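Peer 1: I am attaching a structure below and will ask some questions about it afterwards.
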Amino acid sequence: MFPTPIHQRPIVNQYIYKIFLPISLIIWLIPIFGILMTSIRGLGDITAGNMWGTPSEFLLFSNLYDVFTNTPMIKYTLNSFKVTIPTMLGAVALSCMTGFALANYKFKTNLIIFFIFIAGNFVPFQILMIPVRDLTFKIGLYNTITGLVLFHVAFQTGFCTLFMRNFIKALPQELIEAARMDGASEFKIFWRIILPLTRPAIAALCVLIFTFIWNDYFWATVLIQGDHAMPITAGLKSLNGQWITAYHLLSTGSIVAAIPPVIMFFLMQKHFIAGLTLGATKG
Amino acid sequence: MKKIIISLIMMFGIISSTSFAGTLVINTDTSDAAPKEAFEYIIKKFEEENPDVTVKWNVFDHEGYKQSIRNFLNTDPPDVANWYAGNRMLPFVRAGLFEDVSDIWKDSGWVDGNLSENMEHAKKSMTIGGKQWGIPYTYYQWGVYYRKDLFTANGISVPKTWDDFVAACATLKAAGITPITIGSKYLWTTAGVFDYLNLRTNGYEFHMDLTLGKIPYTDPKVQAVFDKWDELVKPGYFLENHAALSWQEALTPMVNGEAAMYVMGNFAVAPLKEAGLRDSNLGFFQFPEITPGIPMAEEAPTDTVHIPSKAKNKTDAKRFLIFMSRADVQEEINKILGQLPINKNSSVKKGDPFLKAGLNMLNNAYAMAQFYDRDAPAQMASEGMKGFQEYMSNPDRRQKILERLEKVRQKVYK
């Protein structure tokens, strides 16, 4: 097995491992710890340069109150759900179908279509920024949740298709052939045989896409201008005052924004890890 | 037949104009909390006082507004739009997009008293070509914020002249205190220092000519400004690692007593007080005189309201502008904003020594500069401020920087 389990390594390596693991863990977690600390401070502490010391006041609740009352944070959170959930459903639904088609049917352009889906993943966002903005503007979807959702669905479907196609390809072919022999229509095969079997893959994809889209900042700032459709990641900047960067409120807001994907992660931890490794075993 | 068509058109014209009378469209960039609240308040008050007018108010994102206003003034003009005084409104005035409102300024019958007199000190920044193009409703002062206790401990009194100021810096430096804190990471703080040095060395008119591109950056008078600046930069009177700090982060040494002064706008007071400074150890003074005899102009970025020249309902728009110029209205707006009213008959929140000091200073000011990045065009301002920051870190490069700025000037103002 690779990598070799640590308890089978030489004793010196084990010690080095035991020493450096906590150290790197701490270094890794320092920024998050900093955000947590800042979220319970007041602006006074920050201006006075007290970033890491004991907070002079415990203001977590008043910061939370400010985050939700000074700005339309509740609306931003709702917007995030309105963007994330339809995208998740749309991308997963589409990719189940494309994945099924690409895995099961032999037709001439099969591989080419599959490669196009994959190639889409390699196009950097930034190149698409201006064309996508112009496109949504011309269709009349600029600055709307629908526009953002449609774009995300289109862009995520590429990755999802790769994922689903490989998963379905790995299913025993006999199941499908047996169903066909019994006279099941192609749709019935998809609905009754493939979908139930791909449940783990669907769950893993849902979790992945949920986190991807929830954490999206780039497209939210490119395609959305007003409060009415702004998701929480981009909405955080409204916590700043006219002159002042409100680090304490930004930290509190970031924590609020991070809660849904974190909950999602812990609830679906198994699927999440499965999702990250599924595609790796069968190419 | 023609007659019928014409009369039909006229009829429609009358019908549509009557349906417009009574609706006042206002566009503002007040997306931040306090300015939004201020406008909510005054629009409600205006509607209460003028029951025949319904206000339709569009709030634009603060940053996006700079682009939007160019579009909507041409294509879909509101009846009132907010903007900024000074050279910032020059392109719109030149393009004929703002309405001349000199009559409001002249006619004392419009308002509670004499507007020209009550706002005399702000008139210059609203005047282009001898006419006034809008009404100012709020501004705030710039100046020097300082630690009173550090001054007392080192036997320094508030400097009135340049020599006093430099001497105070020397004393503080010798005592191991950074005389002036500044955070120049985002460049604009350096422009505050430059503006004041230029206003005090060469005066308001010269400063305006420079920001309007009429004077080369290699001019001996600009050199004179940098000579004064040298007196502060070369002995190291500014905070050492200023280029790495934002304006806000540069407050920290002042809070901790490691730095004594900050050339800043009045918005610095709130975070300083939140961090523990009190009226007893935080003070404000006017930027000291440099060339004796030059009338003292101040840095006071001013927010204004204007009537687009293509507005549909100019009658009510004028009523709104007059309303905005009133002493009691300006008092209320600025209570919400925590800034200063322009009308001399307004008062400010009692018990705030900084607002009071600012009010006294600005009411007696010779003229208002609007800040370098508002007075100069965007491209010049951004290059200029880059240059100022570079100069503050490497004063030896001064000549090269000024030559570079001169090249930019020739390109920008072509």
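Residues are named by chain letter and number: chains run A, B, ... in the order of the structure tokens, numbers start at 1 in each chain, and ligands are numbered from 1 in the order shown.
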When you look at Val25 of chain B with a cut-off of 6 Å (counting only C-alpha atoms), what residues show up, excluding the ones that are within fewer than 3 positions of it in the same chain? I need them as a PyMOL selection string.
Peer 2: chain B and resi 55-57+78-79
Peer 1: Distance limit 6 Å, atoms considered: only C-alpha atoms. Which chain B residues sit that close to chain A? Return them as a PyMOL selection string.
Peer 2: chain B and resi 32+252+255+274-275
Peer 1: Assign secondary structure with DSSP using the backbone only, and return the residues of segment 105-335 of chain B in strand (DSSP E) as an MDAnalysis selection string.
Peer 2: chainID B and resid 127:128 131:132 135:139 142:147 178:181 259:265 282:285 298:299 302:306
Peer 1: Could you name the residues that touch Asp303 of chain B at 9 Å or less, counting only C-alpha atoms, but leaving out those on the same chain fewer than 4 positions away, as a PyMOL selection string?
Peer 2: chain B and resi 82-85+135-139
Peer 1: So that I have them on file, write out the residues from the current selection with N, CA and C atoms, as a tab-separated table (two decimals), in the first residue's frame.
Peer 2:
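The resulting file, out.tsv, is shown below:
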chain	number	residue	atom	x	y	z
B	82	ASN	N	-26.95	63.33	-6.96
B	82	ASN	CA	-25.88	63.85	-6.10
B	82	ASN	C	-24.52	63.60	-6.75
B	83	TRP	N	-23.56	64.44	-6.39
B	83	TRP	CA	-22.24	64.37	-6.98
B	83	TRP	C	-21.28	65.14	-6.09
B	84	TYR	N	-20.13	65.57	-6.63
B	84	TYR	CA	-19.12	66.22	-5.81
B	84	TYR	C	-18.74	67.58	-6.38
B	85	ALA	N	-18.28	68.43	-5.50
B	85	ALA	CA	-17.97	69.80	-5.90
B	85	ALA	C	-16.63	69.88	-6.64
B	135	ILE	N	-25.85	72.55	-5.27
B	135	ILE	CA	-25.93	72.97	-3.87
B	135	ILE	C	-25.15	71.97	-3.02
B	136	PRO	N	-24.20	72.45	-2.22
B	136	PRO	CA	-23.48	71.54	-1.32
B	136	PRO	C	-24.29	71.28	-0.06
B	137	TYR	N	-24.25	70.05	0.43
B	137	TYR	CA	-25.01	69.77	1.66
B	137	TYR	C	-24.20	69.15	2.79
B	138	THR	N	-23.02	68.62	2.47
B	138	THR	CA	-22.21	68.11	3.58
B	138	THR	C	-20.73	68.13	3.20
B	139	TYR	N	-19.89	68.33	4.17
B	139	TYR	CA	-18.45	68.13	3.99
B	139	TYR	C	-17.82	67.79	5.32
Peer 1: Within 12 Å of segment 199-210 of chain B, which residues of segment 355-388 of chain B come that close, and what is the closest atom pair and distance in Å for each? Count only C-alpha atoms and give it as JSON lines.
Peer 2:
{"residue": "B:Ala365", "atom": "CA", "partner": "B:Tyr204", "partner_atom": "CA", "distance": 10.8}
{"residue": "B:Tyr366", "atom": "CA", "partner": "B:Tyr204", "partner_atom": "CA", "distance": 8.4}
{"residue": "B:Ala367", "atom": "CA", "partner": "B:Tyr204", "partner_atom": "CA", "distance": 7.0}
{"residue": "B:Met368", "atom": "CA", "partner": "B:Tyr204", "partner_atom": "CA", "distance": 8.0}
{"residue": "B:Ala369", "atom": "CA", "partner": "B:Tyr204", "partner_atom": "CA", "distance": 7.3}
{"residue": "B:Gln370", "atom": "CA", "partner": "B:Met208", "partner_atom": "CA", "distance": 9.7}
{"residue": "B:Phe371", "atom": "CA", "partner": "B:His207", "partner_atom": "CA", "distance": 10.4}
{"residue": "B:Tyr372", "atom": "CA", "partner": "B:His207", "partner_atom": "CA", "distance": 9.3}
{"residue": "B:Arg374", "atom": "CA", "partner": "B:Met208", "partner_atom": "CA", "distance": 11.1}
{"residue": "B:Asp375", "atom": "CA", "partner": "B:Met208", "partner_atom": "CA", "distance": 7.4}
{"residue": "B:Ala376", "atom": "CA", "partner": "B:Leu210", "partner_atom": "CA", "distance": 8.3}
{"residue": "B:Pro377", "atom": "CA", "partner": "B:Leu210", "partner_atom": "CA", "distance": 11.2}
{"residue": "B:Met380", "atom": "CA", "partner": "B:Leu210", "partner_atom": "CA", "distance": 10.8}
{"residue": "B:Ala381", "atom": "CA", "partner": "B:Leu210", "partner_atom": "CA", "distance": 11.4}
{"residue": "B:Gly384", "atom": "CA", "partner": "B:Leu210", "partner_atom": "CA", "distance": 11.5}
Peer 1: With C-alpha atoms retained, write the just-selected residues as a PDB file, in the first residue's frame.
Peer 2:
ATOM      1  CA  ALA B 365     -11.907  79.282   5.221  1.00  0.00           C
ATOM      2  CA  TYR B 366     -10.891  81.182   2.117  1.00  0.00           C
ATOM      3  CA  ALA B 367     -11.899  78.287  -0.147  1.00  0.00           C
ATOM      4  CA  MET B 368     -12.256  74.506  -0.145  1.00  0.00           C
ATOM      5  CA  ALA B 369     -10.083  72.084  -2.021  1.00  0.00           C
ATOM      6  CA  GLN B 370     -11.835  68.791  -2.701  1.00  0.00           C
ATOM      7  CA  PHE B 371      -8.870  66.441  -2.250  1.00  0.00           C
ATOM      8  CA  TYR B 372      -6.333  65.603  -4.919  1.00  0.00           C
ATOM      9  CA  ARG B 374     -11.358  64.611  -6.742  1.00  0.00           C
ATOM     10  CA  ASP B 375      -9.705  67.762  -8.071  1.00  0.00           C
ATOM     11  CA  ALA B 376      -7.424  66.065 -10.573  1.00  0.00           C
ATOM     12  CA  PRO B 377      -8.727  63.667 -13.244  1.00  0.00           C
ATOM     13  CA  MET B 380      -3.524  61.959 -13.189  1.00  0.00           C
ATOM     14  CA  ALA B 381      -4.590  61.406  -9.593  1.00  0.00           C
ATOM     15  CA  GLY B 384       0.294  61.457  -8.878  1.00  0.00           C
TER      16      GLY B 384
END
Peer 1: Could you tell me how far atom CA of Asp316 of chain B lies from atom CA of Ser68 of chain B, in Å and to one decimal?
Peer 2: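 Here the two named atoms are 23.0 Å from each other.
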Peer 1: For a test of reading the model, state the distance in Å between atom CA of Pro5 of chain A and atom CA of Phe20 of chain A, rounded to one decimal.
Peer 2: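 If I compute the distance from atom CA of Pro5 of chain A to atom CA of Phe20 of chain A, I get 16.3 Å.
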Peer 1: Using only C-alpha atoms, determine which residues lie at most 10 Å from segment 118-121 of chain B, disregarding the query and same-chain residues fewer than 6 positions distant; provide the list as a count of residues only.
Peer 2: 21
Peer 1: Under the rule that only C-alpha atoms are counted, which of B:Gln330, B:Thr178, B:Ser102, B:Gln223 is the nearest residue to Pro253 of chain B?
Peer 2: B:Thr178
Peer 1: Would you kindly return, as a list in words, each protein, DNA or RNA residue with an atom no farther than 9 Å from any atom of Cys160 of chain A, considering only C-alpha atoms and excluding same-chain residues fewer than 4 positions away?
Peer 2: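 My reading of the contact set: Ala91, Val92, Leu94, Ser95, Cys96, Gly99, Gln156, Met164, Arg165, Leu205 and Ile209 of chain A.
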Peer 1: Write a file of the selected residues as a short mmCIF file (atom, residue, chain, number, x, y, z; two decimals), in the first residue's frame, keeping N, CA and C atoms.
Peer 2:
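Listing of out02.cif after writing:
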data_model
loop_
_atom_site.label_atom_id
_atom_site.label_comp_id
_atom_site.auth_asym_id
_atom_site.auth_seq_id
_atom_site.Cartn_x
_atom_site.Cartn_y
_atom_site.Cartn_z
N ALA A 91 -27.04 20.76 -12.15
CA ALA A 91 -25.79 20.18 -12.65
C ALA A 91 -25.80 18.67 -12.45
N VAL A 92 -26.29 18.22 -11.28
CA VAL A 92 -26.28 16.78 -11.02
C VAL A 92 -27.28 16.07 -11.93
N LEU A 94 -28.41 16.98 -14.92
CA LEU A 94 -27.90 16.94 -16.29
C LEU A 94 -26.78 15.92 -16.43
N SER A 95 -25.88 15.91 -15.45
CA SER A 95 -24.70 15.06 -15.61
C SER A 95 -25.06 13.59 -15.44
N CYS A 96 -26.12 13.27 -14.69
CA CYS A 96 -26.56 11.87 -14.62
C CYS A 96 -26.93 11.39 -16.02
N GLY A 99 -23.82 11.49 -18.35
CA GLY A 99 -22.93 10.43 -17.92
C GLY A 99 -23.45 9.07 -18.39
N GLN A 156 -20.44 23.71 -14.25
CA GLN A 156 -20.20 22.56 -13.37
C GLN A 156 -20.52 21.25 -14.06
N MET A 164 -19.66 11.31 -13.35
CA MET A 164 -20.76 10.36 -13.49
C MET A 164 -20.46 9.32 -14.57
N ARG A 165 -19.87 9.77 -15.65
CA ARG A 165 -19.60 8.86 -16.75
C ARG A 165 -18.67 7.75 -16.27
N LEU A 205 -21.39 14.01 -5.36
CA LEU A 205 -21.39 15.17 -6.26
C LEU A 205 -22.14 16.34 -5.64
N ILE A 209 -20.53 19.96 -5.19
CA ILE A 209 -21.04 21.11 -5.92
C ILE A 209 -21.58 22.16 -4.96
#
Peer 1: If we count only C-alpha atoms and set the cut-off at 9 Å, which residues sit around segment 239-242 of chain B, ignoring sequence neighbours fewer than 6 positions away in its own chain? Please answer as a PyMOL selection string.
Peer 2: chain B and resi 178-185+250+253+259+392-393
Peer 1: Identify all residues of segment 159-284 of chain B in helix (DSSP H, G or I) (DSSP on the backbone) and supply them as a ChimeraX atom specification.
Peer 2: /B:162-174,188-202,204-211,220-233,242-244,251-255,266-274
Peer 1: Could you save those same residues with C-alpha atoms as a CSV table (one decimal), in the first residue's frame?
Peer 2:
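The new file again31.csv reads:
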chain,number,residue,atom,x,y,z
B,162,TRP,CA,5.8,76.0,9.5
B,163,ASP,CA,8.9,76.6,11.6
B,164,ASP,CA,7.0,75.8,14.8
B,165,PHE,CA,5.7,72.6,13.1
B,166,VAL,CA,9.1,71.4,12.0
B,167,ALA,CA,10.5,72.3,15.4
B,168,ALA,CA,7.8,70.3,17.1
B,169,CYS,CA,8.6,67.3,14.9
B,170,ALA,CA,12.3,67.6,15.8
B,171,THR,CA,11.5,67.7,19.5
B,172,LEU,CA,9.2,64.6,19.2
B,173,LYS,CA,11.8,62.7,17.2
B,174,ALA,CA,14.4,63.5,19.8
B,188,TRP,CA,-4.4,58.5,-1.1
B,189,THR,CA,-3.2,59.5,2.4
B,190,THR,CA,-0.1,61.0,0.8
B,191,ALA,CA,-2.3,63.3,-1.3
B,192,GLY,CA,-3.7,64.8,1.9
B,193,VAL,CA,-0.2,65.9,2.8
B,194,PHE,CA,0.6,67.1,-0.7
B,195,ASP,CA,-2.6,69.1,-1.0
B,196,TYR,CA,-2.0,71.0,2.3
B,197,LEU,CA,1.7,71.7,1.5
B,198,ASN,CA,0.7,73.1,-1.8
B,199,LEU,CA,-2.3,75.0,-0.5
B,200,ARG,CA,-0.1,76.6,2.2
B,201,THR,CA,3.0,77.2,0.0
B,202,ASN,CA,1.3,78.4,-3.2
B,204,TYR,CA,-5.7,77.8,-3.5
B,205,GLU,CA,-5.7,79.2,-7.0
B,206,PHE,CA,-2.3,77.6,-7.8
B,207,HIS,CA,-3.5,74.3,-6.4
B,208,MET,CA,-6.6,74.4,-8.6
B,209,ASP,CA,-4.5,75.3,-11.7
B,210,LEU,CA,-2.2,72.4,-11.0
B,211,THR,CA,-4.9,69.9,-10.6
B,220,PRO,CA,9.6,75.8,-9.5
B,221,LYS,CA,6.6,76.4,-7.3
B,222,VAL,CA,5.9,72.7,-7.3
B,223,GLN,CA,9.6,72.2,-6.4
B,224,ALA,CA,9.0,74.6,-3.5
B,225,VAL,CA,6.3,72.3,-2.2
B,226,PHE,CA,8.7,69.3,-2.3
B,227,ASP,CA,11.4,71.4,-0.6
B,228,LYS,CA,8.9,71.8,2.3
B,229,TRP,CA,8.1,68.1,2.1
B,230,ASP,CA,11.8,67.3,2.2
B,231,GLU,CA,12.0,69.0,5.6
B,232,LEU,CA,9.7,66.4,7.0
B,233,VAL,CA,10.7,63.3,4.9
B,242,HIS,CA,4.2,53.6,6.0
B,243,ALA,CA,4.1,52.0,2.6
B,244,ALA,CA,3.1,48.7,4.2
B,251,LEU,CA,-3.7,54.7,13.7
B,252,THR,CA,-2.2,52.0,15.9
B,253,PRO,CA,1.1,53.8,16.8
B,254,MET,CA,-1.0,56.9,17.6
B,255,VAL,CA,-3.3,55.0,19.9
B,266,ASN,CA,-12.3,63.8,10.5
B,267,PHE,CA,-13.4,60.2,10.0
B,268,ALA,CA,-10.3,59.2,11.9
B,269,VAL,CA,-11.8,60.4,15.2
B,270,ALA,CA,-14.3,57.6,15.5
B,271,PRO,CA,-11.9,54.7,15.4
B,272,LEU,CA,-9.3,56.5,17.5
B,273,LYS,CA,-11.9,57.1,20.2
B,274,GLU,CA,-13.1,53.5,20.0
